[in-house]
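Colleague: Structure file my_file_2.tsv, TSV, C-alpha atoms, is pasted below:
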```
chain	number	residue	atom	x	y	z
B	1	MET	CA	33.04	24.65	-19.16
B	2	ARG	CA	33.13	20.93	-19.62
B	3	TRP	CA	33.64	20.25	-15.89
B	4	ILE	CA	30.54	22.33	-15.15
B	5	LEU	CA	28.53	20.10	-17.47
B	6	THR	CA	30.00	17.00	-15.82
B	7	LEU	CA	29.15	18.41	-12.41
B	8	LEU	CA	25.61	19.24	-13.54
B	9	ALA	CA	25.21	15.74	-14.94
B	10	ALA	CA	26.38	14.25	-11.63
B	11	VAL	CA	24.01	16.47	-9.64
B	12	PHE	CA	21.16	15.58	-11.96
B	13	ALA	CA	21.95	11.84	-11.66
B	14	ALA	CA	22.01	12.11	-7.87
B	15	ALA	CA	18.72	14.02	-7.88
B	16	SER	CA	16.99	11.50	-10.11
B	17	ALA	CA	18.35	8.65	-7.99
B	18	ALA	CA	16.77	10.35	-4.97
B	19	VAL	CA	13.45	10.49	-6.79
B	20	CYS	CA	13.62	6.92	-8.14
B	21	TYR	CA	14.52	5.42	-4.73
B	22	ALA	CA	16.56	2.44	-5.88
B	23	ASN	CA	15.67	-0.76	-4.01
B	24	ASP	CA	12.60	0.75	-2.44
B	25	VAL	CA	9.87	-1.81	-1.96
B	26	GLY	CA	7.32	0.64	-0.62
B	27	GLN	CA	6.71	4.22	0.32
B	28	ILE	CA	5.39	5.96	3.42
B	29	LYS	CA	2.13	7.59	2.40
B	30	ASN	CA	0.89	9.02	5.65
B	31	LEU	CA	2.26	9.57	9.07
B	32	ARG	CA	1.23	11.07	12.40
B	33	GLY	CA	3.25	11.67	15.55
B	34	THR	CA	6.63	10.03	16.11
B	35	VAL	CA	7.68	7.32	13.64
B	36	HIS	CA	11.17	5.90	13.04
B	37	LEU	CA	12.76	3.57	10.55
B	38	GLU	CA	15.60	1.35	11.69
B	39	ARG	CA	17.93	0.66	8.78
B	40	ASP	CA	21.48	-0.78	8.86
B	41	GLY	CA	21.74	-0.08	12.60
B	42	GLN	CA	20.65	3.53	12.14
B	43	ARG	CA	17.51	5.19	13.40
B	44	LEU	CA	15.96	7.49	10.80
B	45	ALA	CA	13.05	9.85	11.40
B	46	ALA	CA	10.31	8.75	8.99
B	47	ALA	CA	8.43	11.21	6.77
B	48	PRO	CA	5.70	10.98	4.12
B	49	GLY	CA	7.17	10.16	0.70
B	50	MET	CA	10.12	8.28	2.22
B	51	GLY	CA	11.02	4.91	0.69
B	52	VAL	CA	10.86	1.66	2.65
B	53	LYS	CA	13.38	-1.12	1.93
B	54	GLN	CA	13.62	-4.81	2.67
B	55	ALA	CA	15.06	-5.38	6.21
B	56	ASP	CA	13.75	-2.03	7.48
B	57	VAL	CA	12.02	-1.98	10.86
B	58	LEU	CA	9.17	0.50	11.34
B	59	VAL	CA	8.67	1.79	14.88
B	60	THR	CA	5.85	4.07	16.05
B	61	GLY	CA	5.85	6.08	19.28
B	62	ALA	CA	2.99	6.49	21.77
B	63	ASP	CA	1.39	9.09	19.47
B	64	GLY	CA	2.53	7.59	16.14
B	65	THR	CA	0.71	5.98	13.21
B	66	VAL	CA	2.07	5.25	9.73
B	67	GLY	CA	0.74	3.89	6.43
B	68	VAL	CA	2.89	2.32	3.68
B	69	THR	CA	1.99	1.38	0.08
B	70	PHE	CA	4.13	-1.40	-1.44
B	71	LEU	CA	5.10	-2.04	-5.09
B	72	ASP	CA	2.42	-4.72	-5.52
B	73	ASN	CA	-0.26	-2.40	-4.05
B	74	SER	CA	-0.24	-4.14	-0.68
B	75	LEU	CA	-1.17	-1.57	1.99
B	76	LEU	CA	0.05	-1.75	5.59
B	77	SER	CA	-0.52	0.53	8.56
B	78	LEU	CA	0.67	0.58	12.16
B	79	GLY	CA	-1.02	2.03	15.22
B	80	PRO	CA	0.79	3.60	18.20
B	81	ARG	CA	3.57	1.74	20.11
B	82	SER	CA	4.14	-0.74	17.29
B	83	THR	CA	7.21	-2.43	15.81
B	84	LEU	CA	7.09	-4.15	12.42
B	85	ALA	CA	10.04	-5.72	10.61
B	86	ILE	CA	9.98	-6.01	6.79
B	87	ASP	CA	11.77	-9.38	6.71
B	88	ARG	CA	11.50	-10.08	3.02
B	89	TYR	CA	9.98	-8.41	-0.01
B	90	SER	CA	10.24	-9.39	-3.65
B	91	PHE	CA	7.86	-8.59	-6.49
B	92	ASP	CA	8.06	-9.12	-10.24
B	93	SER	CA	5.85	-6.43	-11.78
B	94	THR	CA	5.44	-8.47	-14.98
B	95	THR	CA	4.47	-11.88	-13.57
B	96	HIS	CA	3.26	-10.61	-10.15
B	97	ASP	CA	5.27	-13.38	-8.49
B	98	GLY	CA	6.68	-12.38	-5.15
B	99	GLN	CA	7.12	-12.99	-1.48
B	100	PHE	CA	6.23	-10.64	1.37
B	101	ASP	CA	7.18	-11.52	4.96
B	102	THR	CA	6.80	-9.22	7.94
B	103	SER	CA	7.01	-9.66	11.72
B	104	LEU	CA	4.84	-7.74	14.15
B	105	LYS	CA	6.86	-7.61	17.40
B	106	ARG	CA	4.33	-5.49	19.28
B	107	GLY	CA	1.42	-3.14	18.71
B	108	THR	CA	-1.25	-3.12	16.00
B	109	LEU	CA	-1.07	-3.76	12.26
B	110	ALA	CA	-3.70	-3.45	9.51
B	111	VAL	CA	-3.15	-5.15	6.14
B	112	VAL	CA	-4.82	-4.89	2.73
B	113	SER	CA	-3.21	-7.55	0.57
B	114	GLY	CA	-2.06	-6.78	-2.97
B	115	ARG	CA	-1.03	-8.44	-6.23
B	116	ILE	CA	1.48	-10.85	-4.71
B	117	VAL	CA	-1.36	-12.62	-2.91
B	118	GLN	CA	-3.70	-12.40	-5.93
B	119	ARG	CA	-1.09	-14.29	-7.87
B	120	SER	CA	0.03	-16.77	-5.17
B	121	PRO	CA	-2.13	-17.22	-2.07
B	122	GLU	CA	-0.10	-17.35	1.16
B	123	ALA	CA	2.95	-15.76	-0.50
B	124	MET	CA	2.35	-13.03	2.08
B	125	ARG	CA	3.04	-13.97	5.70
B	126	VAL	CA	2.83	-12.08	8.95
B	127	ARG	CA	4.68	-13.45	11.97
B	128	THR	CA	3.82	-12.68	15.57
B	129	PRO	CA	5.67	-13.98	18.65
B	130	SER	CA	3.34	-17.03	18.74
B	131	ALA	CA	2.01	-17.52	15.20
B	132	ILE	CA	2.56	-17.35	11.45
B	133	MET	CA	-0.30	-16.05	9.34
B	134	GLY	CA	-0.64	-16.91	5.67
B	135	VAL	CA	-2.70	-14.39	3.72
B	136	ARG	CA	-5.19	-15.47	1.05
B	137	GLY	CA	-6.32	-12.14	-0.34
B	138	THR	CA	-8.01	-10.09	2.30
B	139	GLU	CA	-8.02	-7.26	4.78
B	140	PHE	CA	-7.20	-8.04	8.37
B	141	VAL	CA	-5.84	-6.61	11.60
B	142	VAL	CA	-3.35	-8.03	14.09
B	143	LYS	CA	-2.51	-7.02	17.65
B	144	VAL	CA	0.40	-8.11	19.81
B	145	ASP	CA	0.39	-6.93	23.44
B	146	GLU	CA	3.67	-6.64	25.23
B	147	PRO	CA	3.77	-8.52	28.51
B	148	ALA	CA	3.12	-6.15	31.42
B	149	ARG	CA	6.22	-5.33	33.44
A	150	MET	CA	-9.63	-21.46	52.34
A	151	VAL	CA	-10.69	-18.02	51.21
A	152	ALA	CA	-7.08	-16.87	51.46
A	153	VAL	CA	-5.91	-19.80	49.29
A	154	LEU	CA	-8.55	-19.00	46.67
A	155	ALA	CA	-7.59	-15.34	46.75
A	156	ILE	CA	-3.93	-16.21	46.24
A	157	MET	CA	-4.83	-18.56	43.39
A	158	ALA	CA	-6.95	-15.86	41.77
A	159	LEU	CA	-4.06	-13.42	42.06
A	160	LEU	CA	-1.65	-15.95	40.57
A	161	ILE	CA	-4.00	-16.60	37.66
A	162	ALA	CA	-4.46	-12.86	37.11
A	163	ALA	CA	-0.68	-12.38	37.30
A	164	HIS	CA	-0.17	-15.18	34.79
A	165	TYR	CA	-2.44	-13.46	32.29
A	166	GLU	CA	-0.82	-10.11	32.98
A	167	PHE	CA	2.55	-11.55	32.01
A	168	THR	CA	1.33	-13.54	29.03
A	169	PRO	CA	1.55	-11.58	25.79
A	170	THR	CA	-1.86	-11.61	24.22
A	171	GLU	CA	-2.37	-11.70	20.47
A	172	LEU	CA	-5.38	-11.10	18.32
A	173	VAL	CA	-6.02	-11.42	14.58
A	174	VAL	CA	-9.31	-10.42	12.95
A	175	VAL	CA	-10.35	-10.81	9.31
A	176	LEU	CA	-12.30	-7.84	7.92
A	177	PRO	CA	-14.72	-7.57	5.02
A	178	SER	CA	-12.84	-5.91	2.12
A	179	ALA	CA	-13.78	-2.54	0.68
A	180	ASP	CA	-15.30	-4.45	-2.29
A	181	GLY	CA	-17.46	-6.54	0.08
A	182	HIS	CA	-15.51	-9.76	-0.51
A	183	THR	CA	-13.88	-11.47	2.49
A	184	GLY	CA	-10.73	-13.46	1.86
A	185	ALA	CA	-8.98	-15.66	4.39
A	186	VAL	CA	-6.06	-15.75	6.78
A	187	VAL	CA	-4.55	-19.06	7.86
A	188	VAL	CA	-3.20	-18.82	11.41
A	189	GLU	CA	-0.55	-21.41	12.27
A	190	ARG	CA	0.30	-21.72	15.95
A	191	ASP	CA	1.85	-24.65	17.82
A	192	GLY	CA	1.43	-26.83	14.72
A	193	ARG	CA	-2.31	-26.13	14.44
A	194	ARG	CA	-3.80	-24.34	11.43
A	195	THR	CA	-6.92	-22.23	11.85
A	196	VAL	CA	-8.59	-20.76	8.78
A	197	LEU	CA	-10.38	-17.44	9.36
A	198	ASP	CA	-12.61	-16.76	6.36
A	199	GLN	CA	-15.72	-15.03	7.75
A	200	PRO	CA	-16.08	-11.27	8.31
A	201	TYR	CA	-14.86	-10.39	11.84
A	202	ALA	CA	-13.71	-13.96	12.55
A	203	ALA	CA	-10.97	-13.68	15.16
A	204	ASP	CA	-8.30	-15.87	16.69
A	205	ARG	CA	-6.88	-15.00	20.11
A	206	VAL	CA	-4.12	-16.22	22.35
A	207	GLY	CA	-3.77	-15.23	26.02
A	208	ARG	CA	-7.01	-14.19	27.65
A	209	ASN	CA	-10.06	-15.84	26.00
A	210	SER	CA	-7.88	-18.01	23.77
A	211	GLY	CA	-9.48	-19.55	20.69
A	212	THR	CA	-11.63	-18.42	17.81
A	213	ALA	CA	-14.53	-16.00	18.12
A	214	LYS	CA	-16.57	-13.56	16.10
A	215	LEU	CA	-15.99	-9.95	17.09
A	216	SER	CA	-18.28	-7.02	16.44
A	217	GLU	CA	-17.36	-4.17	14.14
A	218	ARG	CA	-17.44	-1.92	17.22
A	219	GLU	CA	-14.87	-4.06	19.08
A	220	VAL	CA	-12.57	-3.91	16.06
A	221	ARG	CA	-13.01	-0.13	15.81
A	222	SER	CA	-12.22	0.42	19.48
A	223	THR	CA	-9.00	-1.61	19.31
A	224	PHE	CA	-7.82	-0.79	15.78
A	225	GLY	CA	-9.46	2.59	15.02
A	226	SER	CA	-6.27	4.68	14.69
A	227	THR	CA	-4.48	1.81	12.90
A	228	LEU	CA	-7.24	1.45	10.29
A	229	ALA	CA	-7.36	5.24	9.85
A	230	ALA	CA	-3.67	5.14	8.83
A	231	ILE	CA	-4.17	2.75	5.88
A	232	PRO	CA	-2.99	4.56	2.74
A	233	ALA	CA	-5.52	5.55	0.08
A	234	ARG	CA	-6.31	2.64	-2.27
A	235	PRO	CA	-4.48	2.68	-5.59
A	236	ALA	CA	-6.84	4.02	-8.26
A	237	ARG	CA	-7.06	4.22	-12.05
A	238	PHE	CA	-8.75	6.91	-14.16
A	239	LEU	CA	-9.34	7.36	-17.90
A	240	LEU	CA	-9.57	10.62	-19.83
A	241	TYR	CA	-10.57	10.87	-23.51
A	242	PHE	CA	-9.46	13.20	-26.32
A	243	VAL	CA	-10.80	14.94	-29.39
A	244	ALA	CA	-9.65	13.04	-32.54
A	245	GLY	CA	-6.10	13.80	-33.63
A	246	THR	CA	-5.43	16.32	-30.83
A	247	ASP	CA	-4.21	16.59	-27.25
A	248	GLU	CA	-7.46	18.39	-26.36
A	249	LEU	CA	-9.67	16.65	-23.77
A	250	THR	CA	-13.32	15.98	-24.61
A	251	ALA	CA	-15.86	18.13	-22.75
A	252	GLU	CA	-16.83	15.22	-20.45
A	253	SER	CA	-13.20	14.47	-19.66
A	254	LYS	CA	-12.53	18.10	-18.72
A	255	VAL	CA	-15.19	17.71	-16.02
A	256	GLU	CA	-13.70	14.36	-15.01
A	257	LEU	CA	-10.23	15.95	-14.77
A	258	ALA	CA	-11.49	18.48	-12.22
A	259	ARG	CA	-13.06	15.68	-10.16
A	260	MET	CA	-9.87	13.65	-10.36
A	261	LEU	CA	-7.76	16.56	-9.09
A	262	GLU	CA	-9.90	16.63	-5.94
A	263	GLU	CA	-9.10	12.96	-5.45
A	264	LEU	CA	-5.37	13.48	-6.08
A	265	ARG	CA	-5.20	16.34	-3.60
A	266	ARG	CA	-6.47	14.06	-0.85
A	267	ARG	CA	-3.28	12.01	-1.20
A	268	PRO	CA	-0.36	13.52	0.71
A	269	SER	CA	2.42	11.96	-1.39
A	270	PRO	CA	0.92	10.44	-4.53
A	271	ASP	CA	2.82	8.48	-7.17
A	272	ILE	CA	1.16	9.18	-10.49
A	273	LEU	CA	1.76	7.38	-13.78
A	274	VAL	CA	0.14	8.92	-16.87
A	275	ILE	CA	0.09	6.74	-20.01
A	276	GLY	CA	-1.13	8.18	-23.31
A	277	HIS	CA	-2.78	6.17	-26.11
A	278	THR	CA	-4.20	6.85	-29.57
A	279	ASP	CA	-6.75	5.33	-31.93
A	280	ARG	CA	-5.47	3.56	-35.06
A	281	VAL	CA	-5.81	6.50	-37.48
A	282	GLY	CA	-2.42	7.67	-38.78
A	283	GLY	CA	1.11	6.27	-38.75
A	284	ASP	CA	2.92	4.63	-35.83
A	285	ALA	CA	5.47	7.41	-35.41
A	286	ASP	CA	2.79	10.10	-35.38
A	287	ASN	CA	0.72	8.13	-32.89
A	288	ASP	CA	3.72	7.56	-30.60
A	289	ARG	CA	4.29	11.30	-30.60
A	290	LEU	CA	0.61	12.13	-30.08
A	291	SER	CA	0.19	9.63	-27.24
A	292	LEU	CA	3.16	11.11	-25.36
A	293	GLN	CA	1.88	14.62	-26.07
A	294	ARG	CA	-1.49	13.66	-24.52
A	295	ALA	CA	0.21	12.24	-21.43
A	296	GLU	CA	2.45	15.32	-21.10
A	297	ARG	CA	-0.53	17.63	-21.47
A	298	VAL	CA	-2.37	15.89	-18.61
A	299	ARG	CA	0.82	15.92	-16.54
A	300	GLU	CA	1.17	19.67	-17.11
A	301	SER	CA	-2.39	20.30	-16.01
A	302	PHE	CA	-1.73	18.38	-12.77
A	303	VAL	CA	1.43	20.40	-12.15
A	304	ALA	CA	-0.44	23.64	-12.90
A	305	GLN	CA	-2.91	22.59	-10.21
A	306	GLY	CA	-0.16	22.28	-7.63
A	307	ILE	CA	0.79	18.60	-7.75
A	308	ALA	CA	4.57	18.16	-7.43
A	309	ALA	CA	6.08	17.48	-10.88
A	310	GLU	CA	8.56	14.88	-9.59
A	311	ARG	CA	5.68	12.70	-8.39
A	312	ILE	CA	4.26	12.32	-11.94
A	313	ARG	CA	5.69	10.19	-14.72
A	314	ALA	CA	4.32	10.40	-18.25
A	315	ALA	CA	4.70	7.89	-21.08
A	316	GLY	CA	3.17	7.28	-24.52
A	317	ARG	CA	2.18	3.86	-25.87
A	318	GLY	CA	0.98	4.99	-29.31
A	319	GLU	CA	-1.71	2.77	-30.84
A	320	ARG	CA	-0.25	-0.47	-29.40
A	321	GLU	CA	-2.71	-0.99	-26.56
A	322	PRO	CA	-6.24	-0.22	-27.76
A	323	ILE	CA	-9.05	-0.77	-25.23
A	324	VAL	CA	-11.29	-1.65	-28.17
A	325	PRO	CA	-9.39	-3.72	-30.75
A	326	THR	CA	-10.01	-2.33	-34.27
A	327	ALA	CA	-8.62	-2.61	-37.77
A	328	ASP	CA	-5.89	-0.12	-38.69
A	329	GLY	CA	-7.21	3.33	-39.62
A	330	VAL	CA	-10.37	3.09	-37.48
A	331	ASP	CA	-11.37	6.21	-35.56
A	332	GLU	CA	-12.41	4.71	-32.18
A	333	PRO	CA	-13.04	7.38	-29.50
A	334	ARG	CA	-12.51	4.96	-26.58
A	335	ASN	CA	-8.94	4.31	-27.70
A	336	ARG	CA	-8.02	8.02	-27.68
A	337	ARG	CA	-7.23	8.19	-24.00
A	338	VAL	CA	-4.78	8.57	-21.18
A	339	GLU	CA	-4.73	6.17	-18.26
A	340	ILE	CA	-3.83	7.67	-14.91
A	341	ASN	CA	-2.64	5.28	-12.22
A	342	VAL	CA	-2.35	6.76	-8.75
A	343	ARG	CA	-1.07	5.28	-5.54
```
Output the file's structure in the form of structure tokens.
Modeller:
Amino acid sequence: MRWILTLLAAVFAAASAAVCYANDVGQIKNLRGTVHLERDGQRLAAAPGMGVKQADVLVTGADGTVGVTFLDNSLLSLGPRSTLAIDRYSFDSTTHDGQFDTSLKRGTLAVVSGRIVQRSPEAMRVRTPSAIMGVRGTEFVVKVDEPAR
Amino acid sequence: MVAVLAIMALLIAAHYEFTPTELVVVLPSADGHTGAVVVERDGRRTVLDQPYAADRVGRNSGTAKLSEREVRSTFGSTLAAIPARPARFLLYFVAGTDELTAESKVELARMLEELRRRPSPDILVIGHTDRVGGDADNDRLSLQRAERVRESFVAQGIAAERIRAAGRGEREPIVPTADGVDEPRNRRVEINVR
């Protein structure tokens, strides 16, 4: 009897861990077409509700778009044929201090900045192959074309 | 001569073809305010702080002002994928109960419409009380209010695991009052959705 309870407790703990998404810094809110997450050398099919972690790379296919809400209420979305790396994300929900760095390797990105930037302007940065953008509380879009082959 | 010019034109075209082009455009925010983006490239800093101010590299390098239509044609599907904005709602209760006021019942129905538009919402429901009664009773009542709202969301088809409920008792009044004061605006739940 006791082992059943232990087992149930373990299952319950695993289930609540799945719901709490330890270390998640954001969550996929909407998705169309083909979208993948590259994490620890693995390629995961993305789905709405899935957690996003620091060091993840989001990749959309020719028909793919994806939108992610982060812990500080920053909102990001990618258009088709896009690759975005979440280089660094930290956020203190009490002080609102944090740092948010991403790199757009190719494609299109839309950003609505959140509390990190409200608290410390330019604590959010977007890198492209040729530039670094510091964000001072705003909405903006970025496009990086791949060189034609 | 013509041949040389033609070859040059081709070379220039080819150069642009092989140069990655980049574009950044600042947009007016949903609240009408435009912030700023500082673009740093090759040691130069360019501040974009006007609606539709753009900075380009590659073809037509430099700063420019784009039209809303140009932005839509390039970024339409990207902008359409931005998640719904985080939102906050308040619902009020009949004194001493977990029963919503008549106005808040109407508001609850409206809010459910809004919640259903979000494919995978995270919902935090926090209950509060006025300052009538003891702390322990108010802690219990505030949680009961939050749970009641949570149950009504679940009954309307919102996944239970996406909703967290908590009670804060009388600790966080919207309207500060002396102890024992029956303030309707403090008898509430806050619903944060993202």
Colleague: Within 8 Å of A:Ser178, counting all atoms listed in the file, which residues show up once you throw out same-chain ones fewer than 4 positions away? Write them as a list in words, please.
Modeller: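 These residues fall inside the cut-off: Thr138 and Glu139 of chain B; His182, Thr183 and Gly184 of chain A.
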Colleague: Using all atoms listed in the file, tabulate the residues of chain B lying at most 7 Å from any atom of chain A, each with its closest atom pair and that distance in Å to one decimal, by chain and increasing residue number, as JSON lines.
Modeller:
```
{"residue": "B:Lys29", "atom": "CA", "partner": "A:Ser269", "partner_atom": "CA", "distance": 5.8}
{"residue": "B:Asn30", "atom": "CA", "partner": "A:Pro232", "partner_atom": "CA", "distance": 6.6}
{"residue": "B:Pro48", "atom": "CA", "partner": "A:Ser269", "partner_atom": "CA", "distance": 6.5}
{"residue": "B:Gly49", "atom": "CA", "partner": "A:Ser269", "partner_atom": "CA", "distance": 5.5}
{"residue": "B:Thr65", "atom": "CA", "partner": "A:Ala230", "partner_atom": "CA", "distance": 6.3}
{"residue": "B:Val66", "atom": "CA", "partner": "A:Ala230", "partner_atom": "CA", "distance": 5.8}
{"residue": "B:Gly67", "atom": "CA", "partner": "A:Ile231", "partner_atom": "CA", "distance": 5.1}
{"residue": "B:Val68", "atom": "CA", "partner": "A:Pro232", "partner_atom": "CA", "distance": 6.4}
{"residue": "B:Thr69", "atom": "CA", "partner": "A:Pro232", "partner_atom": "CA", "distance": 6.5}
{"residue": "B:Asn73", "atom": "CA", "partner": "A:Pro235", "partner_atom": "CA", "distance": 6.8}
{"residue": "B:Leu75", "atom": "CA", "partner": "A:Pro232", "partner_atom": "CA", "distance": 6.4}
{"residue": "B:Leu76", "atom": "CA", "partner": "A:Ile231", "partner_atom": "CA", "distance": 6.2}
{"residue": "B:Ser77", "atom": "CA", "partner": "A:Ile231", "partner_atom": "CA", "distance": 5.0}
{"residue": "B:Leu78", "atom": "CA", "partner": "A:Thr227", "partner_atom": "CA", "distance": 5.3}
{"residue": "B:Gly79", "atom": "CA", "partner": "A:Thr227", "partner_atom": "CA", "distance": 4.2}
{"residue": "B:Thr108", "atom": "CA", "partner": "A:Thr227", "partner_atom": "CA", "distance": 6.7}
{"residue": "B:Leu109", "atom": "CA", "partner": "A:Thr227", "partner_atom": "CA", "distance": 6.6}
{"residue": "B:Ala110", "atom": "CA", "partner": "A:Leu228", "partner_atom": "CA", "distance": 6.1}
{"residue": "B:Ser130", "atom": "CA", "partner": "A:Arg190", "partner_atom": "CA", "distance": 6.2}
{"residue": "B:Ala131", "atom": "CA", "partner": "A:Arg190", "partner_atom": "CA", "distance": 4.6}
{"residue": "B:Ile132", "atom": "CA", "partner": "A:Glu189", "partner_atom": "CA", "distance": 5.2}
{"residue": "B:Met133", "atom": "CA", "partner": "A:Val188", "partner_atom": "CA", "distance": 4.5}
{"residue": "B:Gly134", "atom": "CA", "partner": "A:Val187", "partner_atom": "CA", "distance": 5.0}
{"residue": "B:Val135", "atom": "CA", "partner": "A:Val186", "partner_atom": "CA", "distance": 4.7}
{"residue": "B:Arg136", "atom": "CA", "partner": "A:Ala185", "partner_atom": "CA", "distance": 5.1}
{"residue": "B:Gly137", "atom": "CA", "partner": "A:Gly184", "partner_atom": "CA", "distance": 5.1}
{"residue": "B:Thr138", "atom": "CA", "partner": "A:Gly184", "partner_atom": "CA", "distance": 4.4}
{"residue": "B:Glu139", "atom": "CA", "partner": "A:Leu176", "partner_atom": "CA", "distance": 5.3}
{"residue": "B:Phe140", "atom": "CA", "partner": "A:Val175", "partner_atom": "CA", "distance": 4.3}
{"residue": "B:Val141", "atom": "CA", "partner": "A:Val174", "partner_atom": "CA", "distance": 5.3}
{"residue": "B:Val142", "atom": "CA", "partner": "A:Val173", "partner_atom": "CA", "distance": 4.3}
{"residue": "B:Lys143", "atom": "CA", "partner": "A:Leu172", "partner_atom": "CA", "distance": 5.0}
{"residue": "B:Val144", "atom": "CA", "partner": "A:Glu171", "partner_atom": "CA", "distance": 4.6}
{"residue": "B:Asp145", "atom": "CA", "partner": "A:Thr170", "partner_atom": "CA", "distance": 5.3}
{"residue": "B:Glu146", "atom": "CA", "partner": "A:Pro169", "partner_atom": "CA", "distance": 5.4}
{"residue": "B:Pro147", "atom": "CA", "partner": "A:Pro169", "partner_atom": "CA", "distance": 4.7}
{"residue": "B:Ala148", "atom": "CA", "partner": "A:Phe167", "partner_atom": "CA", "distance": 5.5}
```
Colleague: With a distance cut-off of 12 Å and all atoms listed in the file, select the neighbouring residues of A:Glu300, excluding the residue or stretch itself and same-chain residues fewer than 2 positions from it, and output the selection as a list in words.
Modeller: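 Answer for this query is Asp247, Val274, Gln293, Arg294, Ala295, Glu296, Arg297, Val298, Phe302, Val303, Ala304, Gln305, Gly306, Ile307, Ala308, Ala309, Glu310, Ile312, Arg313 and Ala314 of chain A.
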Colleague: Grab the atom CA of A:Ile323 to atom CA of A:Leu240 distance for me, in Å with one decimal place.
Modeller: 12.6 Å
Colleague: Could you state the separation of atom CA of A:Asp279 and atom CA of A:Glu319 in Å, given to one decimal place?
Modeller: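 These two atoms are separated by 5.8 Å.
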Colleague: Show me, as a list in words, the residues that have an atom within 12 Å of A:Asp331 when counting all atoms listed in the file, minus same-chain residues fewer than 5 positions from it.
Modeller: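 Surrounding residues, per the criterion: Phe242, Val243, Ala244, Gly245, Thr278, Asp279, Arg280, Val281, Gly282, Glu319, Pro322, Val324, Pro325, Thr326 and Arg336 of chain A.
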Colleague: For stretch 80-90 of chain B, work out the shell of residues within 6 Å, counting all atoms listed in the file and skipping chain neighbours fewer than 2 positions away, then give it as JSON, numbers by chain.
Modeller: {"B": [54, 55, 56, 57, 58, 59, 60, 61, 62, 63, 64, 65, 98, 99, 100, 101, 102, 103, 104, 105, 106, 107]}
Colleague: Please compute the atom CA of A:Val342-atom CA of B:Val111 distance, one decimal, in Å.
Modeller: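 Between atom CA of A:Val342 and atom CA of B:Val111 the gap works out to 19.1 Å.
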Colleague: Can you sort out the box for stretch 98-117 of chain B, edges along x, y and z, all listed atoms in, 4 Å on every side, with centre and edge lengths in Å to one decimal, as lines of an AutoDock Vina configuration file?
Modeller:
```
center_x = 1.2
center_y = -8.1
center_z = 6.5
size_x = 20.0
size_y = 17.9
size_z = 33.5
```
Colleague: Compile the contact shell of B:Ser74 as a list in words: residues with an atom at most 7 Å away, counting all atoms listed in the file, same-chain residues fewer than 2 positions apart removed.
Modeller: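 Close residues of B:Ser74: Thr69, Phe70, Asp72, Leu76, Val112, Ser113 and Gly114 of chain B.
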